[in-house]
There are 2 protein chains.
Amino acid sequence: MPTLADVAKIAGVGVMSVSRVVNGTRRVSPEVERKVLAAIEKIGYQPNEAARILKGTKSSVLGLIVPDLADPFFGACCNAIQEAAWDAGYMTLMAASGHREELERRETKVMVQRHVAGLLVVPIGSQNDHFLEAQKAGVPVVAIDRPIKHLESDSLTVDNLAASFRATQHLVDHGHRNILCVADDERIYTKEERVSGYCRAMREAGLATTVCLVGPMTGSVADQLSIALKATSSPTAIFAANNLVGVDVLRYLQRYSVRVPDNIALICFDDFSAATLVSPTITVIQQPVAELGQRAAQMMLERLKMPADAPPSRVVLSTQLIIRKSCGC
Amino acid sequence: MPTLADVAKIAGVGVMSVSRVVNGTRRVSPEVERKVLAAIEKIGYQPNEAARILKGTKSSVLGLIVPDLADPFFGACCNAIQEAAWDAGYMTLMAASGHREELERRETKVMVQRHVAGLLVVPIGSQNDHFLEAQKAGVPVVAIDRPIKHLESDSLTVDNLAASFRATQHLVDHGHRNILCVADDERIYTKEERVSGYCRAMREAGLATTVCLVGPMTGSVADQLSIALKATSSPTAIFAANNLVGVDVLRYLQRYSVRVPDNIALICFDDFSAATLVSPTITVIQQPVAELGQRAAQMMLERLKMPADAPPSRVVLSTQLIIRKSCGC
DNA sequence: CTGAAAGCGCTAACAT
DNA sequence: ATGTTAGCGCTTTCAG
């Protein structure tokens, strides 16, 4: 590997001239610049990032932590982030936290230790001192999809509450008075916002709310649903708070040959590829996944150019209610 | 950040004793070891990777390049790789090539320049000198899902040909004599193996092959299918060579209300979540995605322990034909 | 078994 | 505008 000193020798100039040409830190005479560029071209010089980091310069690697890369939502998000980062000359160090808080904590620490220039994260926990430590170490943090609890940081989210409110209202407008909300049983920000949106819409319409929680703690969708649907006030519509739950609900309804939307109408938060393949097609709230990733990267890049004490910005993106057939339209 | 020298000062020993304890490079007296460990614990010392790399030591970062993180297949694969790598103390520098050869090439070079310890890649092109350069620079390469053309390297693939052969045979056994194969129009290894498997099965059964290529060059699935299905010898079964194509085929058949499997039977390479949601459920060839990722990481870790000239190993994993309803069973 | 010194490639600070 | 020096934190080499 050719070094900066090699370039200097060939160009017949000092090492600092080369460094200055490479980094554009200062003005250099056109004469010298030409010689240096020629020498770089000749031996194919490329800066050694490790040496730069060691010297204390910011690295050009961004850390990215998401709960699960196999989830299409996060996958698409990562894709967009990686692409935007690459275009700006950054690479991405990626890690999946597997929805485990402890793992996320360790990954964060290792990334900081590895001198990432910034950290993009879809946070999963409530105990977030590791992110605070990262900030203290000079690594800015951008929260994606959910804000980081108890921490001042840039964040990029979607209008979970408003969208859920609108979707629920849409079901009410169809004449449903008994609408069931099915959601994950974990304490995730997005889920809580979505349930709130549902509840608010129901309250405003003067209707009773029924929230059915499913997951590792409470039980499978099939179990929980069979209980909820046999209640005296049997629901005529379901609002599923995310695509995984939505798919499970769909499976359940299919298994018991419940006709959608005639017997039960359905709206699901998150679009998913099967939504237009099944019959009837599923009405969903569509999130701007690619934009989420792309803008998160952009947010980080801007943050890296700012003074360290610039106030955090919180951006909320709009979702869209995609009307298909399962709502009864 | 505490340094090795700090630890040495606190422990009251030389820096090298600390280094030796940390790396286990040589025997150290129990006395010294105890003191060093205590000092490390006390100030929370963590080695500086940049300095290590600069000194010429191998890094503990693995590079990972896949065509598209938003594709659930690659997403799941990355997930498994990242997890296995993490457990072995490695982090992963990830990049999506966006199916563009030029981008893959540049990403490879940057990764090598960044001193990744090894490179895991789902290769997309045929011009593969960048991987050769990586190897020459001492960075081992493991090919995932497809071998790297014109290059000796470890590789981990699935039995594309045999699986396609079996699936096609299954359709033949159902009495179909006119089976259409729908595949991507790009020159991807997996697609070519799968088409070959289909062709071989047809030839062995004494039947004529019809391959319908779709994609950016030839045209959409809808366009190509409407031509193929109106041919004089109209097919009674379709073998879709991957999940994306399969889903598009399915959409087409639904749009024109073709009854599956009565009018046309369908088998698809790759399982996908919608396969069990639609009616009829789709018979698929299921790939061991998680195992693919997990073993790829393992392969790399073993390679990193081997002498540089150890011969490459090529492993082929088995797929499974998951019989559902769309084949007519 | 242990320590001291040299230097990996780069850039901030100082000198010219 | 340009060159020289020092040192980031670590490990290899050589001496004790």
# chains A, B, ... in the order shown; residues from 1 in each chain; ligands from 1
>>> interface_residues(of="chain C", to="chain A", cutoff="10 Å", atoms="only C-alpha atoms (C1' of nucleotides)", output="MDAnalysis selection string")
chainID C and resid 8:12
>>> interface_residues(of="chain A", to="chain B", cutoff="6 Å", atoms="only C-alpha atoms", output="list in words")
Ala50, Ala51, Leu54, Leu69, Ala70, Pro72, Gly75, Ala76, Asn79, Thr92, Leu93, Met94, Ala274 and Val278 of chain A
>>> select_by_dssp(residues="range 75-259 of chain A", states="helix (DSSP H, G or I)", output="PyMOL selection string")
chain A and resi 75-87+101-113+129-136+160-173+189-204+221-229+243-255
>>> closest_atom_pairs(of="chain D", to="chain B", cutoff="10 Å", atoms="only C-alpha atoms (C1' of nucleotides)", output="JSON lines")
{"residue": "D:DC8", "atom": "C1'", "partner": "B:Ala51", "partner_atom": "CA", "distance": 8.3}
{"residue": "D:DG9", "atom": "C1'", "partner": "B:Ala51", "partner_atom": "CA", "distance": 5.2}
{"residue": "D:DC10", "atom": "C1'", "partner": "B:Ala51", "partner_atom": "CA", "distance": 5.1}
{"residue": "D:DT11", "atom": "C1'", "partner": "B:Lys55", "partner_atom": "CA", "distance": 6.6}
{"residue": "D:DT12", "atom": "C1'", "partner": "B:Lys55", "partner_atom": "CA", "distance": 9.1}
>>> write_last_selection(atoms="C-alpha atoms (C1' of nucleotides)", output="mmCIF file, in the first residue's frame")
data_model
loop_
_atom_site.group_PDB
_atom_site.id
_atom_site.type_symbol
_atom_site.label_atom_id
_atom_site.label_comp_id
_atom_site.auth_asym_id
_atom_site.auth_seq_id
_atom_site.Cartn_x
_atom_site.Cartn_y
_atom_site.Cartn_z
ATOM 1 C "C1'" DC D 8 -2.014 9.555 18.225
ATOM 2 C "C1'" DG D 9 -2.059 3.872 20.755
ATOM 3 C "C1'" DC D 10 -0.459 -0.060 19.688
ATOM 4 C "C1'" DT D 11 2.822 -4.209 18.833
ATOM 5 C "C1'" DT D 12 7.317 -6.001 16.999
#
>>> residues_around(residues="range 156-165 of chain B", least_positions_apart="4", cutoff="10 Å", atoms="only C-alpha atoms (C1' of nucleotides)", output="ChimeraX atom specification")
/B:122,142-147,169-170,189-202,204,239-241,267-269,285-289,292-293,295-296,299,313-321
>>> write_last_selection(atoms="C-alpha atoms", output="PDB file, in the first residue's frame")
ATOM      1  CA  VAL B 122     -23.382 -12.182  -2.871  1.00  0.00           C
ATOM      2  CA  VAL B 142     -16.476 -16.043   0.724  1.00  0.00           C
ATOM      3  CA  ALA B 143     -19.119 -16.150  -1.997  1.00  0.00           C
ATOM      4  CA  ILE B 144     -22.708 -16.597  -0.865  1.00  0.00           C
ATOM      5  CA  ASP B 145     -25.649 -17.870  -2.913  1.00  0.00           C
ATOM      6  CA  ARG B 146     -23.520 -17.957  -6.077  1.00  0.00           C
ATOM      7  CA  PRO B 147     -19.891 -18.753  -6.787  1.00  0.00           C
ATOM      8  CA  GLN B 169     -40.567 -33.393 -12.299  1.00  0.00           C
ATOM      9  CA  HIS B 170     -43.275 -32.974  -9.719  1.00  0.00           C
ATOM     10  CA  TYR B 189     -25.927 -17.848 -11.722  1.00  0.00           C
ATOM     11  CA  THR B 190     -28.913 -18.963  -9.681  1.00  0.00           C
ATOM     12  CA  LYS B 191     -31.343 -18.214 -12.464  1.00  0.00           C
ATOM     13  CA  GLU B 192     -29.268 -20.118 -14.985  1.00  0.00           C
ATOM     14  CA  GLU B 193     -28.982 -23.162 -12.751  1.00  0.00           C
ATOM     15  CA  ARG B 194     -32.686 -23.123 -12.096  1.00  0.00           C
ATOM     16  CA  VAL B 195     -33.568 -22.886 -15.756  1.00  0.00           C
ATOM     17  CA  SER B 196     -31.136 -25.710 -16.470  1.00  0.00           C
ATOM     18  CA  GLY B 197     -32.814 -27.881 -13.860  1.00  0.00           C
ATOM     19  CA  TYR B 198     -36.172 -27.209 -15.437  1.00  0.00           C
ATOM     20  CA  CYS B 199     -34.852 -27.965 -18.921  1.00  0.00           C
ATOM     21  CA  ARG B 200     -33.223 -31.189 -17.882  1.00  0.00           C
ATOM     22  CA  ALA B 201     -36.390 -32.471 -16.269  1.00  0.00           C
ATOM     23  CA  MET B 202     -38.400 -31.604 -19.353  1.00  0.00           C
ATOM     24  CA  GLU B 204     -35.847 -36.411 -19.575  1.00  0.00           C
ATOM     25  CA  PHE B 239     -42.363 -22.910 -12.812  1.00  0.00           C
ATOM     26  CA  ALA B 240     -41.327 -19.492 -11.491  1.00  0.00           C
ATOM     27  CA  ALA B 241     -37.574 -19.240 -10.975  1.00  0.00           C
ATOM     28  CA  ILE B 267     -44.473 -23.903  -8.294  1.00  0.00           C
ATOM     29  CA  CYS B 268     -42.138 -21.163  -7.203  1.00  0.00           C
ATOM     30  CA  PHE B 269     -38.460 -21.136  -6.277  1.00  0.00           C
ATOM     31  CA  ILE B 285     -38.811 -24.604  -3.063  1.00  0.00           C
ATOM     32  CA  GLN B 286     -37.644 -23.419   0.322  1.00  0.00           C
ATOM     33  CA  GLN B 287     -34.066 -22.316   0.807  1.00  0.00           C
ATOM     34  CA  PRO B 288     -32.349 -22.563   4.196  1.00  0.00           C
ATOM     35  CA  VAL B 289     -31.824 -18.809   4.426  1.00  0.00           C
ATOM     36  CA  LEU B 292     -26.922 -19.914   4.579  1.00  0.00           C
ATOM     37  CA  GLY B 293     -25.976 -16.809   6.505  1.00  0.00           C
ATOM     38  CA  ARG B 295     -22.650 -21.042   7.795  1.00  0.00           C
ATOM     39  CA  ALA B 296     -21.204 -18.368   5.556  1.00  0.00           C
ATOM     40  CA  MET B 299     -16.843 -20.479   6.843  1.00  0.00           C
ATOM     41  CA  SER B 313     -14.051 -25.121   0.064  1.00  0.00           C
ATOM     42  CA  ARG B 314     -17.317 -25.203  -1.795  1.00  0.00           C
ATOM     43  CA  VAL B 315     -20.392 -26.159   0.139  1.00  0.00           C
ATOM     44  CA  VAL B 316     -23.824 -26.757  -1.342  1.00  0.00           C
ATOM     45  CA  LEU B 317     -26.862 -26.726   0.927  1.00  0.00           C
ATOM     46  CA  SER B 318     -30.043 -28.669   0.252  1.00  0.00           C
ATOM     47  CA  THR B 319     -33.376 -27.046  -0.383  1.00  0.00           C
ATOM     48  CA  GLN B 320     -36.766 -28.527   0.284  1.00  0.00           C
ATOM     49  CA  LEU B 321     -39.841 -28.804  -1.885  1.00  0.00           C
TER      50      LEU B 321
END
>>> select_by_dssp(residues="range 110-271 of chain A", states="strand (DSSP E or B)", output="ChimeraX atom specification")
/A:118-121,141-144,154-158,179-184,210-215,219,237-240,265-269
>>> atom_distance(atom1="CA of Asn243 in chain A", atom2="CA of Asp271 in chain A")
6.8 Å
>>> residues_around(residues="Ile10 in chain B", least_positions_apart="5", cutoff="12 Å", atoms="only C-alpha atoms (C1' of nucleotides)", output="number ranges by chain")
B: 2-5, 15, 18, 32, 35-43, 45
>>> residues_around(residues="DG3 in chain D", least_positions_apart="3", cutoff="9 Å", atoms="only C-alpha atoms (C1' of nucleotides)", output="PyMOL selection string")
(chain A and resi 13-17) or (chain C and resi 15-16)
>>> atom_distance(atom1="C1' of DG7 in chain C", atom2="CA of Val28 in chain A")
29.0 Å
>>> decode(residues="range 27-42 of chain B", atoms="N, CA and C atoms", output="tab-separated table (two decimals), in the first residue's frame")
chain	number	residue	atom	x	y	z
B	27	ARG	N	3.30	-15.96	27.84
B	27	ARG	CA	3.05	-16.21	29.26
B	27	ARG	C	3.53	-15.02	30.10
B	28	VAL	N	2.72	-14.72	31.09
B	28	VAL	CA	3.03	-13.62	32.00
B	28	VAL	C	2.85	-14.16	33.42
B	29	SER	N	3.64	-13.68	34.33
B	29	SER	CA	3.51	-14.19	35.70
B	29	SER	C	2.13	-13.89	36.26
B	30	PRO	N	1.58	-14.82	37.02
B	30	PRO	CA	0.22	-14.66	37.57
B	30	PRO	C	0.10	-13.34	38.34
B	31	GLU	N	1.16	-13.03	39.04
B	31	GLU	CA	1.23	-11.78	39.80
B	31	GLU	C	0.92	-10.56	38.93
B	32	VAL	N	1.68	-10.45	37.83
B	32	VAL	CA	1.50	-9.32	36.91
B	32	VAL	C	0.12	-9.36	36.27
B	33	GLU	N	-0.28	-10.54	35.85
B	33	GLU	CA	-1.57	-10.69	35.20
B	33	GLU	C	-2.70	-10.16	36.09
B	34	ARG	N	-2.63	-10.51	37.35
B	34	ARG	CA	-3.65	-10.09	38.29
B	34	ARG	C	-3.71	-8.56	38.37
B	35	LYS	N	-2.54	-7.96	38.51
B	35	LYS	CA	-2.48	-6.51	38.64
B	35	LYS	C	-3.02	-5.81	37.38
B	36	VAL	N	-2.63	-6.34	36.24
B	36	VAL	CA	-3.06	-5.74	34.98
B	36	VAL	C	-4.57	-5.83	34.82
B	37	LEU	N	-5.08	-7.03	35.07
B	37	LEU	CA	-6.52	-7.23	34.95
B	37	LEU	C	-7.29	-6.28	35.86
B	38	ALA	N	-6.78	-6.11	37.07
B	38	ALA	CA	-7.43	-5.21	38.02
B	38	ALA	C	-7.45	-3.78	37.48
B	39	ALA	N	-6.30	-3.36	36.94
B	39	ALA	CA	-6.19	-2.00	36.40
B	39	ALA	C	-7.14	-1.80	35.22
B	40	ILE	N	-7.20	-2.80	34.37
B	40	ILE	CA	-8.09	-2.73	33.20
B	40	ILE	C	-9.53	-2.55	33.66
B	41	GLU	N	-9.89	-3.37	34.62
B	41	GLU	CA	-11.24	-3.31	35.16
B	41	GLU	C	-11.52	-1.93	35.74
B	42	LYS	N	-10.55	-1.45	36.48
B	42	LYS	CA	-10.72	-0.20	37.21
B	42	LYS	C	-11.02	0.99	36.28
